[in-house]
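Participant: Just dropping this structure here.
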Amino acid sequence: MSPRTPTATGSVKIYRKKIIAGNWKMNKTTGEAKVLVEDIIRDIGKFDEAEIVLCPPFTSLETVSTLLSPINNIRLGAQNLNDKPSGAFTGEISAGMLKDLYVRYVIIGHSERRQFFGEDDATVNRKTIAALHAELRPIVCIGETLPQREGNTWKKVLETQLKGGLAGFTEKELTDIILAYEPVWAIGTGKTATPAQAEETHQFIRHWLAKNFSMAVSERVRIQYGGSVKPENAAELLNQPNIDGALVGGASLDARGFTAIVKNACPSPR
Ligand code: 13P
């Protein structure tokens, strides 16, 4: 489909293909990963209405990569990377190592990495640079905590994360980045942002992109929502004009749940 589709009023609307990613976090052995991926392929291996990304733990990347190699519409993602190309960094994984396994996407700055592993916006910026240099597409996560949402400082918090994480990128680089808005209070809690709340926040992020980069960038960058996305709420969330996909945690560990999210969120036009 053309990236520009005329709207009913004749103005031109940029088409952003929805992107649904499963972040498995620290779950699934290689054997379990194989079963899950085979089930997902069986159900949505030919689904073309959205870009689908699976992000298993590092230990299952090779297995999942092999299973996905004949599949066009489901891509492989990693959950983290180190910003250095190689060297004495025990326990770390470089962009080159991910490329070697045909990884295409990498999640950067997830709130769990920020909370438990001390990552800050400068780390996010360095990792995003490393990913782009290796031609991996970064999924850069931002999001506020509950006190920040309730104290009405969420805009300031997101602005700081965007400014720090995206510092120094060109417009071209920006359009290769996917943003994921994940309110920390909605992650793994069963508490989802309402579609109106999520849409308002995505709109705020898009305006920030327009103000700090350009209108063209703001229209092209895809912004995923993450935080307790389930088959039951996916359609309403992804129907919002500024929500371009989902980053799914818990519900992506079950093939039926994940494929239902993909299908509910992006109904086939046929
Ligand atoms: P849940 O879908 O389990 O809330 O997790 C969201 C998330 O953190 C995805 O990265």
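Ordered as shown in the structure tokens, chains take letters A, B, and onward, while each chain numbers its residues from 1 and ligands are numbered from 1 in the order shown.
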Give me every alpha helix (DSSP H) residue in segment 29-262 of chain A, going by DSSP on the backbone, as a PyMOL selection string.

Facilitator: chain A and resi 30-44+61-68+95-100+111-117+121-133+146-150+154-165+171-176+195-212+215-220+231-238+255-262

Participant: Can you build me a table of chain A residues sitting at most 9 Å from ligand 1, with the closest atom pair per residue and its distance in Å to one decimal, using only C-alpha atoms and all ligand atoms, sorted by chain and residue number, as JSON lines?

Facilitator:
{"residue": "A:Ala21", "atom": "CA", "partner": "ligand 1", "partner_atom_place_in_ligand_line": "9 (C)", "distance": 8.3}
{"residue": "A:Gly22", "atom": "CA", "partner": "ligand 1", "partner_atom_place_in_ligand_line": "9 (C)", "distance": 7.2}
{"residue": "A:Asn23", "atom": "CA", "partner": "ligand 1", "partner_atom_place_in_ligand_line": "10 (O)", "distance": 5.2}
{"residue": "A:Trp24", "atom": "CA", "partner": "ligand 1", "partner_atom_place_in_ligand_line": "9 (C)", "distance": 8.0}
{"residue": "A:Lys25", "atom": "CA", "partner": "ligand 1", "partner_atom_place_in_ligand_line": "10 (O)", "distance": 7.6}
{"residue": "A:Gln79", "atom": "CA", "partner": "ligand 1", "partner_atom_place_in_ligand_line": "10 (O)", "distance": 8.9}
{"residue": "A:Ile107", "atom": "CA", "partner": "ligand 1", "partner_atom_place_in_ligand_line": "10 (O)", "distance": 8.2}
{"residue": "A:His110", "atom": "CA", "partner": "ligand 1", "partner_atom_place_in_ligand_line": "10 (O)", "distance": 6.6}
{"residue": "A:Ser111", "atom": "CA", "partner": "ligand 1", "partner_atom_place_in_ligand_line": "8 (O)", "distance": 7.4}
{"residue": "A:Glu112", "atom": "CA", "partner": "ligand 1", "partner_atom_place_in_ligand_line": "8 (O)", "distance": 7.6}
{"residue": "A:Cys141", "atom": "CA", "partner": "ligand 1", "partner_atom_place_in_ligand_line": "10 (O)", "distance": 8.1}
{"residue": "A:Ala180", "atom": "CA", "partner": "ligand 1", "partner_atom_place_in_ligand_line": "10 (O)", "distance": 8.3}
{"residue": "A:Glu182", "atom": "CA", "partner": "ligand 1", "partner_atom_place_in_ligand_line": "8 (O)", "distance": 6.8}
{"residue": "A:Pro183", "atom": "CA", "partner": "ligand 1", "partner_atom_place_in_ligand_line": "8 (O)", "distance": 8.8}
{"residue": "A:Val184", "atom": "CA", "partner": "ligand 1", "partner_atom_place_in_ligand_line": "8 (O)", "distance": 7.9}
{"residue": "A:Trp185", "atom": "CA", "partner": "ligand 1", "partner_atom_place_in_ligand_line": "4 (O)", "distance": 8.9}
{"residue": "A:Ala186", "atom": "CA", "partner": "ligand 1", "partner_atom_place_in_ligand_line": "4 (O)", "distance": 5.9}
{"residue": "A:Ile187", "atom": "CA", "partner": "ligand 1", "partner_atom_place_in_ligand_line": "4 (O)", "distance": 3.5}
{"residue": "A:Gly188", "atom": "CA", "partner": "ligand 1", "partner_atom_place_in_ligand_line": "4 (O)", "distance": 3.5}
{"residue": "A:Thr189", "atom": "CA", "partner": "ligand 1", "partner_atom_place_in_ligand_line": "4 (O)", "distance": 6.2}
{"residue": "A:Gly190", "atom": "CA", "partner": "ligand 1", "partner_atom_place_in_ligand_line": "4 (O)", "distance": 6.6}
{"residue": "A:Lys191", "atom": "CA", "partner": "ligand 1", "partner_atom_place_in_ligand_line": "4 (O)", "distance": 8.1}
{"residue": "A:Thr192", "atom": "CA", "partner": "ligand 1", "partner_atom_place_in_ligand_line": "4 (O)", "distance": 8.0}
{"residue": "A:Tyr225", "atom": "CA", "partner": "ligand 1", "partner_atom_place_in_ligand_line": "9 (C)", "distance": 8.7}
{"residue": "A:Gly226", "atom": "CA", "partner": "ligand 1", "partner_atom_place_in_ligand_line": "6 (C)", "distance": 5.0}
{"residue": "A:Gly227", "atom": "CA", "partner": "ligand 1", "partner_atom_place_in_ligand_line": "4 (O)", "distance": 3.8}
{"residue": "A:Ser228", "atom": "CA", "partner": "ligand 1", "partner_atom_place_in_ligand_line": "4 (O)", "distance": 3.5}
{"residue": "A:Val229", "atom": "CA", "partner": "ligand 1", "partner_atom_place_in_ligand_line": "2 (O)", "distance": 5.1}
{"residue": "A:Lys230", "atom": "CA", "partner": "ligand 1", "partner_atom_place_in_ligand_line": "2 (O)", "distance": 7.4}
{"residue": "A:Ala246", "atom": "CA", "partner": "ligand 1", "partner_atom_place_in_ligand_line": "9 (C)", "distance": 8.3}
{"residue": "A:Leu247", "atom": "CA", "partner": "ligand 1", "partner_atom_place_in_ligand_line": "9 (C)", "distance": 4.9}
{"residue": "A:Val248", "atom": "CA", "partner": "ligand 1", "partner_atom_place_in_ligand_line": "2 (O)", "distance": 4.3}
{"residue": "A:Gly249", "atom": "CA", "partner": "ligand 1", "partner_atom_place_in_ligand_line": "2 (O)", "distance": 3.4}
{"residue": "A:Gly250", "atom": "CA", "partner": "ligand 1", "partner_atom_place_in_ligand_line": "3 (O)", "distance": 3.7}
{"residue": "A:Ala251", "atom": "CA", "partner": "ligand 1", "partner_atom_place_in_ligand_line": "2 (O)", "distance": 5.9}
{"residue": "A:Ser252", "atom": "CA", "partner": "ligand 1", "partner_atom_place_in_ligand_line": "2 (O)", "distance": 7.5}

Participant: Restricted to C-alpha atoms, what would the selected residues look like written as a PDB file, in the first residue's frame?

Facilitator:
ATOM      1  CA  ALA A  21       5.766  -7.208  19.013  1.00  0.00           C
ATOM      2  CA  GLY A  22       5.868  -9.920  21.647  1.00  0.00           C
ATOM      3  CA  ASN A  23       8.370  -9.275  24.433  1.00  0.00           C
ATOM      4  CA  TRP A  24       8.829 -12.620  26.109  1.00  0.00           C
ATOM      5  CA  LYS A  25      11.077 -11.149  28.814  1.00  0.00           C
ATOM      6  CA  GLN A  79      15.319  -7.582  24.152  1.00  0.00           C
ATOM      7  CA  ILE A 107      14.044  -3.380  22.352  1.00  0.00           C
ATOM      8  CA  HIS A 110      12.509  -1.062  28.622  1.00  0.00           C
ATOM      9  CA  SER A 111      11.338   0.179  32.029  1.00  0.00           C
ATOM     10  CA  GLU A 112      12.552  -3.087  33.592  1.00  0.00           C
ATOM     11  CA  CYS A 141      10.680   2.404  25.287  1.00  0.00           C
ATOM     12  CA  ALA A 180       6.982   2.225  22.551  1.00  0.00           C
ATOM     13  CA  GLU A 182       4.698   1.789  28.131  1.00  0.00           C
ATOM     14  CA  PRO A 183       3.269   3.355  31.277  1.00  0.00           C
ATOM     15  CA  VAL A 184       5.137   1.558  34.080  1.00  0.00           C
ATOM     16  CA  TRP A 185       1.939   1.338  36.117  1.00  0.00           C
ATOM     17  CA  ALA A 186       0.272  -0.690  33.366  1.00  0.00           C
ATOM     18  CA  ILE A 187       3.050  -3.262  32.882  1.00  0.00           C
ATOM     19  CA  GLY A 188       2.141  -6.701  34.196  1.00  0.00           C
ATOM     20  CA  THR A 189      -0.509  -5.202  36.471  1.00  0.00           C
ATOM     21  CA  GLY A 190      -3.614  -5.956  34.446  1.00  0.00           C
ATOM     22  CA  LYS A 191      -4.273  -2.204  34.613  1.00  0.00           C
ATOM     23  CA  THR A 192      -4.329  -0.770  31.083  1.00  0.00           C
ATOM     24  CA  TYR A 225       1.456   1.074  23.194  1.00  0.00           C
ATOM     25  CA  GLY A 226       2.508  -1.460  25.834  1.00  0.00           C
ATOM     26  CA  GLY A 227       1.078  -2.408  29.210  1.00  0.00           C
ATOM     27  CA  SER A 228      -1.414  -5.220  29.832  1.00  0.00           C
ATOM     28  CA  VAL A 229      -2.448  -5.488  26.180  1.00  0.00           C
ATOM     29  CA  LYS A 230      -4.816  -8.459  25.844  1.00  0.00           C
ATOM     30  CA  ALA A 246       1.522  -2.904  20.580  1.00  0.00           C
ATOM     31  CA  LEU A 247       4.409  -4.201  22.637  1.00  0.00           C
ATOM     32  CA  VAL A 248       2.936  -7.205  24.382  1.00  0.00           C
ATOM     33  CA  GLY A 249       4.425  -8.890  27.455  1.00  0.00           C
ATOM     34  CA  GLY A 250       2.478 -11.547  29.344  1.00  0.00           C
ATOM     35  CA  ALA A 251      -0.123 -12.193  26.646  1.00  0.00           C
ATOM     36  CA  SER A 252       2.610 -12.920  24.077  1.00  0.00           C
TER      37      SER A 252
END

Participant: Near Ala210 of chain A, counting only C-alpha atoms, which residues have an atom at most 12 Å away, once you skip same-chain residues fewer than 6 positions from it, shown as a list in words?

Facilitator: Glu171, Leu174, Gln203, Phe204, Ala216, Val217, Ser218, Glu219, Arg220 and Val221 of chain A

Participant: Might you pull out every residue within 8 Å of Asn125 of chain A, with only C-alpha atoms counted and same-chain residues fewer than 6 positions away left off, and present them as number ranges by chain?

Facilitator: A: 164-167

Participant: Let's have the selection written as an mmCIF file, in the first residue's frame, with C-alpha atoms.

Facilitator:
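File produced: out18.cif:
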data_model
loop_
_atom_site.group_PDB
_atom_site.id
_atom_site.type_symbol
_atom_site.label_atom_id
_atom_site.label_comp_id
_atom_site.auth_asym_id
_atom_site.auth_seq_id
_atom_site.Cartn_x
_atom_site.Cartn_y
_atom_site.Cartn_z
ATOM 1 C CA GLY A 164 17.839 12.187 26.163
ATOM 2 C CA GLY A 165 17.137 8.964 24.305
ATOM 3 C CA LEU A 166 16.772 10.549 20.873
ATOM 4 C CA ALA A 167 19.510 13.170 21.152
#

Participant: Excluding Ser69 of chain A and any residue of its chain fewer than 5 positions from it, enumerate the residues within 12 Å of it, using only C-alpha atoms, and give them as number ranges by chain.

Facilitator: A: 37, 41, 45, 61-64, 74-76, 101-103

Participant: I'd like the contact shell of segment 152-161 of chain A - 8 Å cut-off, only C-alpha atoms, skipping same-chain residues fewer than 2 positions apart - returned as a ChimeraX atom specification.

Facilitator: /A:121,142-144,148-150,163-165,204-205,208

Participant: Could those selected residues go to a file with N, CA and C atoms, as a short mmCIF file (atom, residue, chain, number, x, y, z; two decimals), in the first residue's frame?

Facilitator:
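To be explicit, this is the file written out as result-v9.cif:
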data_model
loop_
_atom_site.label_atom_id
_atom_site.label_comp_id
_atom_site.auth_asym_id
_atom_site.auth_seq_id
_atom_site.Cartn_x
_atom_site.Cartn_y
_atom_site.Cartn_z
N ASP A 121 18.69 7.55 30.24
CA ASP A 121 18.47 8.03 28.88
C ASP A 121 19.76 8.06 28.06
N ILE A 142 9.62 4.24 26.40
CA ILE A 142 9.50 5.34 27.35
C ILE A 142 8.22 5.12 28.15
N GLY A 143 8.13 5.76 29.31
CA GLY A 143 6.90 5.61 30.10
C GLY A 143 7.09 6.15 31.50
N GLU A 144 5.98 6.57 32.08
CA GLU A 144 6.03 7.17 33.41
C GLU A 144 5.54 6.20 34.47
N GLN A 148 4.11 9.56 38.94
CA GLN A 148 4.31 10.59 37.92
C GLN A 148 3.02 10.85 37.13
N ARG A 149 2.27 9.79 36.86
CA ARG A 149 0.98 9.97 36.17
C ARG A 149 0.02 10.72 37.09
N GLU A 150 -0.06 10.24 38.35
CA GLU A 150 -1.04 10.85 39.26
C GLU A 150 -0.64 12.27 39.66
N LYS A 163 14.00 13.44 24.88
CA LYS A 163 15.12 14.35 24.60
C LYS A 163 16.45 13.62 24.78
N GLY A 164 16.57 12.88 25.88
CA GLY A 164 17.84 12.19 26.16
C GLY A 164 18.04 10.99 25.24
N GLY A 165 17.02 10.20 25.09
CA GLY A 165 17.14 8.96 24.31
C GLY A 165 17.33 9.22 22.82
N PHE A 204 0.65 13.46 22.35
CA PHE A 204 1.65 14.32 22.97
C PHE A 204 3.05 13.97 22.43
N ILE A 205 3.33 12.68 22.32
CA ILE A 205 4.65 12.24 21.81
C ILE A 205 4.81 12.69 20.35
N TRP A 208 5.56 16.27 20.17
CA TRP A 208 6.95 16.51 20.58
C TRP A 208 7.88 16.25 19.39
#

Participant: Would you please give, as a list in words, all residues of segment 61-143 of chain A that DSSP assigns to strand (DSSP E) based on the backbone?

Facilitator: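 Across segment 61-143 of chain A, those assigned strand (DSSP E) are Ile74, Arg75, Leu76, Gly77, Ala78, Tyr105, Val106, Ile107, Ile108, Arg137, Pro138, Ile139, Val140, Cys141 and Ile142 of chain A.
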
Participant: Tell me, as a PyMOL selection string, which residues lie within 9 Å of Arg222 of chain A, counting only C-alpha atoms; anything in the same chain fewer than 2 positions away does not count.

Facilitator: chain A and resi 16-19+175+177-180+218-220+224+242-245

Participant: Which residues of segment 147-200 of chain A have any atom within 10 Å of an atom in segment 236-239 of chain A when counting only C-alpha atoms, and what is the closest pair of atoms for each, with the distance in Å to one decimal? Order the rows by chain and rising number and write it as a tab-separated table.

Facilitator:
residue	atom	partner	partner_atom	distance
A:Thr192	CA	A:Leu237	CA	9.6
A:Ala193	CA	A:Leu237	CA	8.9
A:Thr194	CA	A:Leu237	CA	7.8
A:Pro195	CA	A:Leu237	CA	4.9
A:Ala196	CA	A:Leu237	CA	8.4
A:Gln197	CA	A:Leu237	CA	9.8
A:Ala198	CA	A:Leu237	CA	7.6
A:Glu199	CA	A:Leu237	CA	8.0

Participant: Take the residues from that selection and write them out as a short mmCIF file (atom, residue, chain, number, x, y, z; two decimals), in the first residue's frame, keeping N, CA, C and O atoms.

Facilitator:
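Written out: again35.cif:
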data_model
loop_
_atom_site.label_atom_id
_atom_site.label_comp_id
_atom_site.auth_asym_id
_atom_site.auth_seq_id
_atom_site.Cartn_x
_atom_site.Cartn_y
_atom_site.Cartn_z
N THR A 192 -4.72 -1.37 32.37
CA THR A 192 -4.33 -0.77 31.08
C THR A 192 -4.67 0.71 31.10
O THR A 192 -5.65 1.11 31.71
N ALA A 193 -3.88 1.49 30.37
CA ALA A 193 -4.31 2.86 30.14
C ALA A 193 -5.61 2.78 29.34
O ALA A 193 -5.76 1.88 28.50
N THR A 194 -6.52 3.69 29.57
CA THR A 194 -7.74 3.68 28.75
C THR A 194 -7.33 4.08 27.34
O THR A 194 -6.32 4.77 27.16
N PRO A 195 -8.11 3.68 26.33
CA PRO A 195 -7.76 4.09 24.96
C PRO A 195 -7.61 5.60 24.86
O PRO A 195 -6.71 6.10 24.19
N ALA A 196 -8.46 6.36 25.58
CA ALA A 196 -8.39 7.83 25.50
C ALA A 196 -7.10 8.35 26.13
O ALA A 196 -6.43 9.23 25.59
N GLN A 197 -6.73 7.74 27.27
CA GLN A 197 -5.48 8.13 27.96
C GLN A 197 -4.26 7.83 27.07
O GLN A 197 -3.36 8.64 26.93
N ALA A 198 -4.26 6.62 26.49
CA ALA A 198 -3.13 6.22 25.64
C ALA A 198 -3.07 7.11 24.41
O ALA A 198 -2.00 7.60 24.04
N GLU A 199 -4.21 7.39 23.80
CA GLU A 199 -4.24 8.23 22.61
C GLU A 199 -3.74 9.64 22.93
O GLU A 199 -2.95 10.22 22.18
#

Participant: Considering only C-alpha atoms, state which residue in the set A:Lys28, A:Arg256, A:His207, A:Arg104 is at the smallest distance from Val53 of chain A.

Facilitator: A:Arg104
